[in-house]
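Novice: I'd like to ask you about the structure that follows.
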Amino acid sequence: MRIVLLGPPGAGKGTLAGVLKDTLGVLHVSTGDILREELKANTPLGQEAKKFIESGGLVPDEVVTKLIKNKLTNDSRAKDGFMLDGYPRTVNQAKDLDNILDKLGMPIDCALYMEATLGTILARLTGRRVCRGCGKIYHIVNMPSKKDGVCDSCGGEIYQRADDNEETIKNRMKVYTDSTAPIISFYEGQNKLKKVNADKDSQEVKEDALNIFNGSR
Ligand code: AP5
């Protein structure tokens with residue numbers, strides 16, 4: 001299956017992709033994760049992306065679209081299906097993605113809109129923690145690690161993302177409303193949009209999403 005995950009920051013896109021990628025046998029591609037890796041490695045791309053990520057703004061369309069094009073064209077696992085998390089994020093990116101996938105003969109099957117209320121989003125983002133080693137996502141209340149500060153899966157250090165602070169979250173929400181939310185109508189117009197209530201707990205969200213994906217095959 002070829003899936004786009006849509007939804008505000010903190011809706012649970014990365015969490016859902018993490019639990020479903022093996023079940024569905026698809027490649028999980030997160031532009032946020034790729035950009036943070038580049039930033040950590042201090043590559044030219046990471047240096048360019050830094051100011052956008054730290055302020056909660058968007059990295060320019062052409063930069064992220066090139067990343068996605070390379071990944072979907074060169075990673076042979078993409079042929080078996082993929083789940084895009086954090087891309088597209090503007091209507092231009094959605095159009096670019098359609099062009100890339102048309103050429104590859106791999107159109108999107110389903111765009112899943114993960115609807116979440118503001119209270120949920122704020123509680124999730126301020127409580128989120130991530131493993132520096134394997135990227136596993138935790139939450140200090142909803143999904144804590146067994147041992148404080150240590151990843152259950154790889155033993156890596158658990159940290160708080162630099163953009164998960166109140167000021168940056170406010171800007172990310174504004175950017176989402178202004179630039180990303182219009183993509184919902186874009187996929188509605190293509191009859192590919194499905195919705196899930198992302199306020200529910202992660203087990204319920206996973207089951208609802210699986211039912212939707214199984215019905216879209
Ligand atoms: P990115 O990393 O994509 O951030 P985001 O879209 O803001 O999404 P998040 O990662 O914050 O949230 P999520 O929905 O994945 O939630 P999660 O599963 O972690 O992008 C970061 C930056 O990179 C952007 O600001 C931008 O600068 C740049 N960028 C990336 N892509 C770009 C693009 N295409 N164009 C331009 N710029 C781009 O869950 C959140 C928390 O909630 C976790 O703690 C989790 O444990 C918990 N949780 C999740 N689901 C549940 C549940 N159902 N119940 C209880 N708790 C839950």
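Labeling convention for the structure tokens: chains A, B, ... as they appear, residues from 1 per chain, ligands from 1 in order of appearance.
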Mind checking DSSP for region 109-180 of chain A and telling me the helix (DSSP H, G or I) residues as JSON, numbers by chain?

Specialist: {"A": [118, 119, 120, 121, 122, 123, 124, 125, 126, 127, 166, 167, 168, 169, 170, 171, 172, 173, 174, 175, 176, 177, 178, 179, 180]}

Novice: Could you give me, as a PyMOL selection string, every polymer residue with an atom at most 6 Å away from an atom of ligand 1, counting only C-alpha atoms and all ligand atoms?

Specialist: chain A and resi 9-15+31-33+52-53+56-61+64+86-89+124-125+127-129+137-139+142-143+172+198+200-202+205

Novice: Please tabulate, as CSV, the residues of region 33-55 of chain A that come within 12 Å of region 163-167 of chain A, each with its closest pair of atoms and the distance in Å to one decimal, counting only C-alpha atoms and ordering rows by chain, then residue number upward.

Specialist:
residue,atom,partner,partner_atom,distance
A:Arg36,CA,A:Asp163,CA,10.8
A:Lys50,CA,A:Asp163,CA,10.7
A:Lys51,CA,A:Asp163,CA,10.8
A:Phe52,CA,A:Asp163,CA,10.1
A:Ile53,CA,A:Asp163,CA,7.0
A:Glu54,CA,A:Asp163,CA,5.6
A:Ser55,CA,A:Asp163,CA,7.3

Novice: Which one of A:Ile212, A:Ile108, A:Cys154, A:Leu84 sits closest to Lys21 (chain A) if you count only C-alpha atoms?

Specialist: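 So, comparing all the options, the nearest one is A:Leu84.
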
Novice: Between A:Gly215, A:Pro182, A:Pro144, A:Gly189, which has the minimum distance to Thr90 (chain A) (counting only C-alpha atoms)?

Specialist: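 For Thr90 (chain A), the nearest of the given residues is A:Pro182.
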
Novice: Taking a cut-off of 6 Å and counting only C-alpha atoms, can you build a table that, for each residue of region 145-204 of chain A near region 111-120 of chain A, reports the nearest atom pair and how far apart they are in Å (one decimal), sorted by chain then residue number, as a tab-separated table?

Specialist:
residue	atom	partner	partner_atom	distance
A:Lys192	CA	A:Ala111	CA	5.7
A:Leu193	CA	A:Ala111	CA	4.9
A:Lys194	CA	A:Leu112	CA	4.9
A:Lys195	CA	A:Tyr113	CA	4.7
A:Val196	CA	A:Met114	CA	5.2
A:Asn197	CA	A:Glu115	CA	5.3
A:Ala198	CA	A:Ala116	CA	5.1
A:Asp199	CA	A:Ala116	CA	5.2

Novice: Write out as a list in words each polymer residue whose atoms come within 8 Å of Thr65 (chain A), counting only C-alpha atoms; drop sequence neighbours fewer than 6 positions from it.

Specialist: Gln93, Asp96 and Leu97 of chain A

Novice: I need the chosen residues saved as a compact mmCIF listing (two decimals), in the first residue's frame, with all heavy atoms.

Specialist:
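Output saved as out.txt:
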# COMPACT_ATOMS: atom_id res chain seq x y z
N GLN A 93 3.80 20.70 -2.58
CA GLN A 93 4.47 19.40 -2.35
C GLN A 93 3.55 18.25 -2.76
O GLN A 93 4.01 17.25 -3.31
CB GLN A 93 4.86 19.25 -0.87
CG GLN A 93 6.00 20.17 -0.43
CD GLN A 93 6.41 19.96 1.03
OE1 GLN A 93 6.07 18.96 1.66
NE2 GLN A 93 7.14 20.91 1.57
N ASP A 96 3.73 18.01 -6.47
CA ASP A 96 5.04 17.45 -6.86
C ASP A 96 5.06 15.94 -6.61
O ASP A 96 5.58 15.17 -7.42
CB ASP A 96 6.18 18.10 -6.05
CG ASP A 96 6.49 19.52 -6.53
OD1 ASP A 96 6.12 19.84 -7.67
OD2 ASP A 96 7.07 20.29 -5.75
N LEU A 97 4.50 15.53 -5.47
CA LEU A 97 4.49 14.10 -5.14
C LEU A 97 3.70 13.33 -6.20
O LEU A 97 4.15 12.26 -6.66
CB LEU A 97 3.87 13.89 -3.75
CG LEU A 97 3.76 12.44 -3.31
CD1 LEU A 97 5.14 11.78 -3.16
CD2 LEU A 97 2.99 12.32 -1.98

Novice: Please return as a list in words: the residues of region 28-203 of chain A that backbone DSSP assigns to strand (DSSP E).

Specialist: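 Residues meeting the strand (DSSP E) criterion: His28, Val29, Ser30, Phe82, Met83, Leu84, Asp85, Cys110, Ala111, Leu112, Tyr113, Met114, Glu115, Arg128, Arg129, Val130, Cys131, Ile137, Tyr138, His139, Ile158, Tyr159, Leu193, Lys194, Lys195, Val196 and Asn197 of chain A.
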
Novice: When you look at Met106 (chain A) with a cut-off of 10 Å (counting only C-alpha atoms), what residues show up, excluding the ones that are within fewer than 6 positions of it in the same chain? I need them as a list in words.

Specialist: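 My reading of the contact set: Met1, Arg2, Leu72, Ala78, Lys79, Asp80, Gly81, Asp98 and Ile100 of chain A.
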
Novice: Atoms to include: N, CA, C and O atoms. Write the selected residues as an mmCIF file, in the first residue's frame.

Specialist:
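Contents of out05.cif, freshly written:
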data_model
loop_
_atom_site.group_PDB
_atom_site.id
_atom_site.type_symbol
_atom_site.label_atom_id
_atom_site.label_comp_id
_atom_site.auth_asym_id
_atom_site.auth_seq_id
_atom_site.Cartn_x
_atom_site.Cartn_y
_atom_site.Cartn_z
ATOM 1 N N MET A 1 0.834 -1.201 0.000
ATOM 2 C CA MET A 1 0.000 0.000 0.000
ATOM 3 C C MET A 1 0.865 1.246 0.000
ATOM 4 O O MET A 1 1.931 1.257 0.599
ATOM 5 N N ARG A 2 0.332 2.296 -0.604
ATOM 6 C CA ARG A 2 1.055 3.580 -0.604
ATOM 7 C C ARG A 2 0.177 4.609 0.120
ATOM 8 O O ARG A 2 -0.919 4.920 -0.342
ATOM 9 N N LEU A 72 12.225 7.728 -2.807
ATOM 10 C CA LEU A 72 11.240 6.844 -3.447
ATOM 11 C C LEU A 72 11.778 6.226 -4.737
ATOM 12 O O LEU A 72 11.364 5.147 -5.137
ATOM 13 N N ALA A 78 10.650 0.805 -1.508
ATOM 14 C CA ALA A 78 9.470 1.639 -1.795
ATOM 15 C C ALA A 78 8.516 0.941 -2.763
ATOM 16 O O ALA A 78 7.306 1.195 -2.747
ATOM 17 N N LYS A 79 9.060 0.047 -3.575
ATOM 18 C CA LYS A 79 8.209 -0.665 -4.555
ATOM 19 C C LYS A 79 7.175 -1.550 -3.865
ATOM 20 O O LYS A 79 6.134 -1.857 -4.419
ATOM 21 N N ASP A 80 7.482 -1.983 -2.627
ATOM 22 C CA ASP A 80 6.539 -2.837 -1.884
ATOM 23 C C ASP A 80 5.522 -2.021 -1.097
ATOM 24 O O ASP A 80 4.691 -2.582 -0.389
ATOM 25 N N GLY A 81 5.622 -0.707 -1.186
ATOM 26 C CA GLY A 81 4.685 0.170 -0.475
ATOM 27 C C GLY A 81 5.410 1.084 0.488
ATOM 28 O O GLY A 81 6.537 0.798 0.892
ATOM 29 N N ASP A 98 2.542 13.838 -6.588
ATOM 30 C CA ASP A 98 1.755 13.161 -7.628
ATOM 31 C C ASP A 98 2.579 13.006 -8.910
ATOM 32 O O ASP A 98 2.550 11.951 -9.553
ATOM 33 N N ILE A 100 5.879 12.901 -9.222
ATOM 34 C CA ILE A 100 6.958 11.918 -9.005
ATOM 35 C C ILE A 100 6.374 10.505 -9.086
ATOM 36 O O ILE A 100 6.915 9.620 -9.763
#

Novice: For a test of reading the model, state the distance in Å between CA of Arg132 (chain A) and CA of Met83 (chain A), rounded to one decimal.

Specialist: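 If I compute the distance from CA of Arg132 (chain A) to CA of Met83 (chain A), I get 22.0 Å.
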
Novice: To one decimal in Å, tell me the separation between CA of Lys69 (chain A) and CA of Leu5 (chain A).

Specialist: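 Value for the CA of Lys69 (chain A)-CA of Leu5 (chain A) distance: 17.2 Å.
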
Novice: With only C-alpha atoms as the counted atoms, please give the residues lying no more than 8 Å from Phe186 (chain A), apart from itself and same-chain residues fewer than 4 positions off, as a PyMOL selection string.

Specialist: chain A and resi 91+94+182+190

Novice: For the selection you just gave me, I'd like the residues written to a file as a PDB file, in the first residue's frame, keeping C-alpha atoms.

Specialist:
ATOM      1  CA  VAL A  91      -0.298  21.867  -1.759  1.00  0.00           C
ATOM      2  CA  ALA A  94       1.301  17.321  -2.871  1.00  0.00           C
ATOM      3  CA  PRO A 182      -5.357  22.794   2.673  1.00  0.00           C
ATOM      4  CA  GLN A 190      -9.069  12.836  -5.458  1.00  0.00           C
TER       5      GLN A 190
END

Novice: So which one's closest to Ala123 (chain A), A:Gln203, A:Ile68, A:Ile158, A:Ile169? Using only C-alpha atoms, please.

Specialist: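 With only C-alpha atoms as the atom set, the closest residue is A:Ile169.
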
Novice: Using only C-alpha atoms, which protein or nucleic acid residues come within 10 Å of Cys134 (chain A)? Drop anything in the same chain fewer than 4 positions from it, and give the result as a ChimeraX atom specification.

Specialist: /A:130,151,153-158

Novice: Just how far from CA of Val141 (chain A) is CA of Ala209 (chain A), in Å to one decimal?

Specialist: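 Going from CA of Ala209 (chain A) over to CA of Val141 (chain A), I get 22.9 Å.
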
Novice: Which is closest to Val175 (chain A) among A:Glu207, A:Pro8, A:Ser76, A:Tyr187, if we use only C-alpha atoms?

Specialist: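 With only C-alpha atoms as the atom set, the closest residue is A:Pro8.
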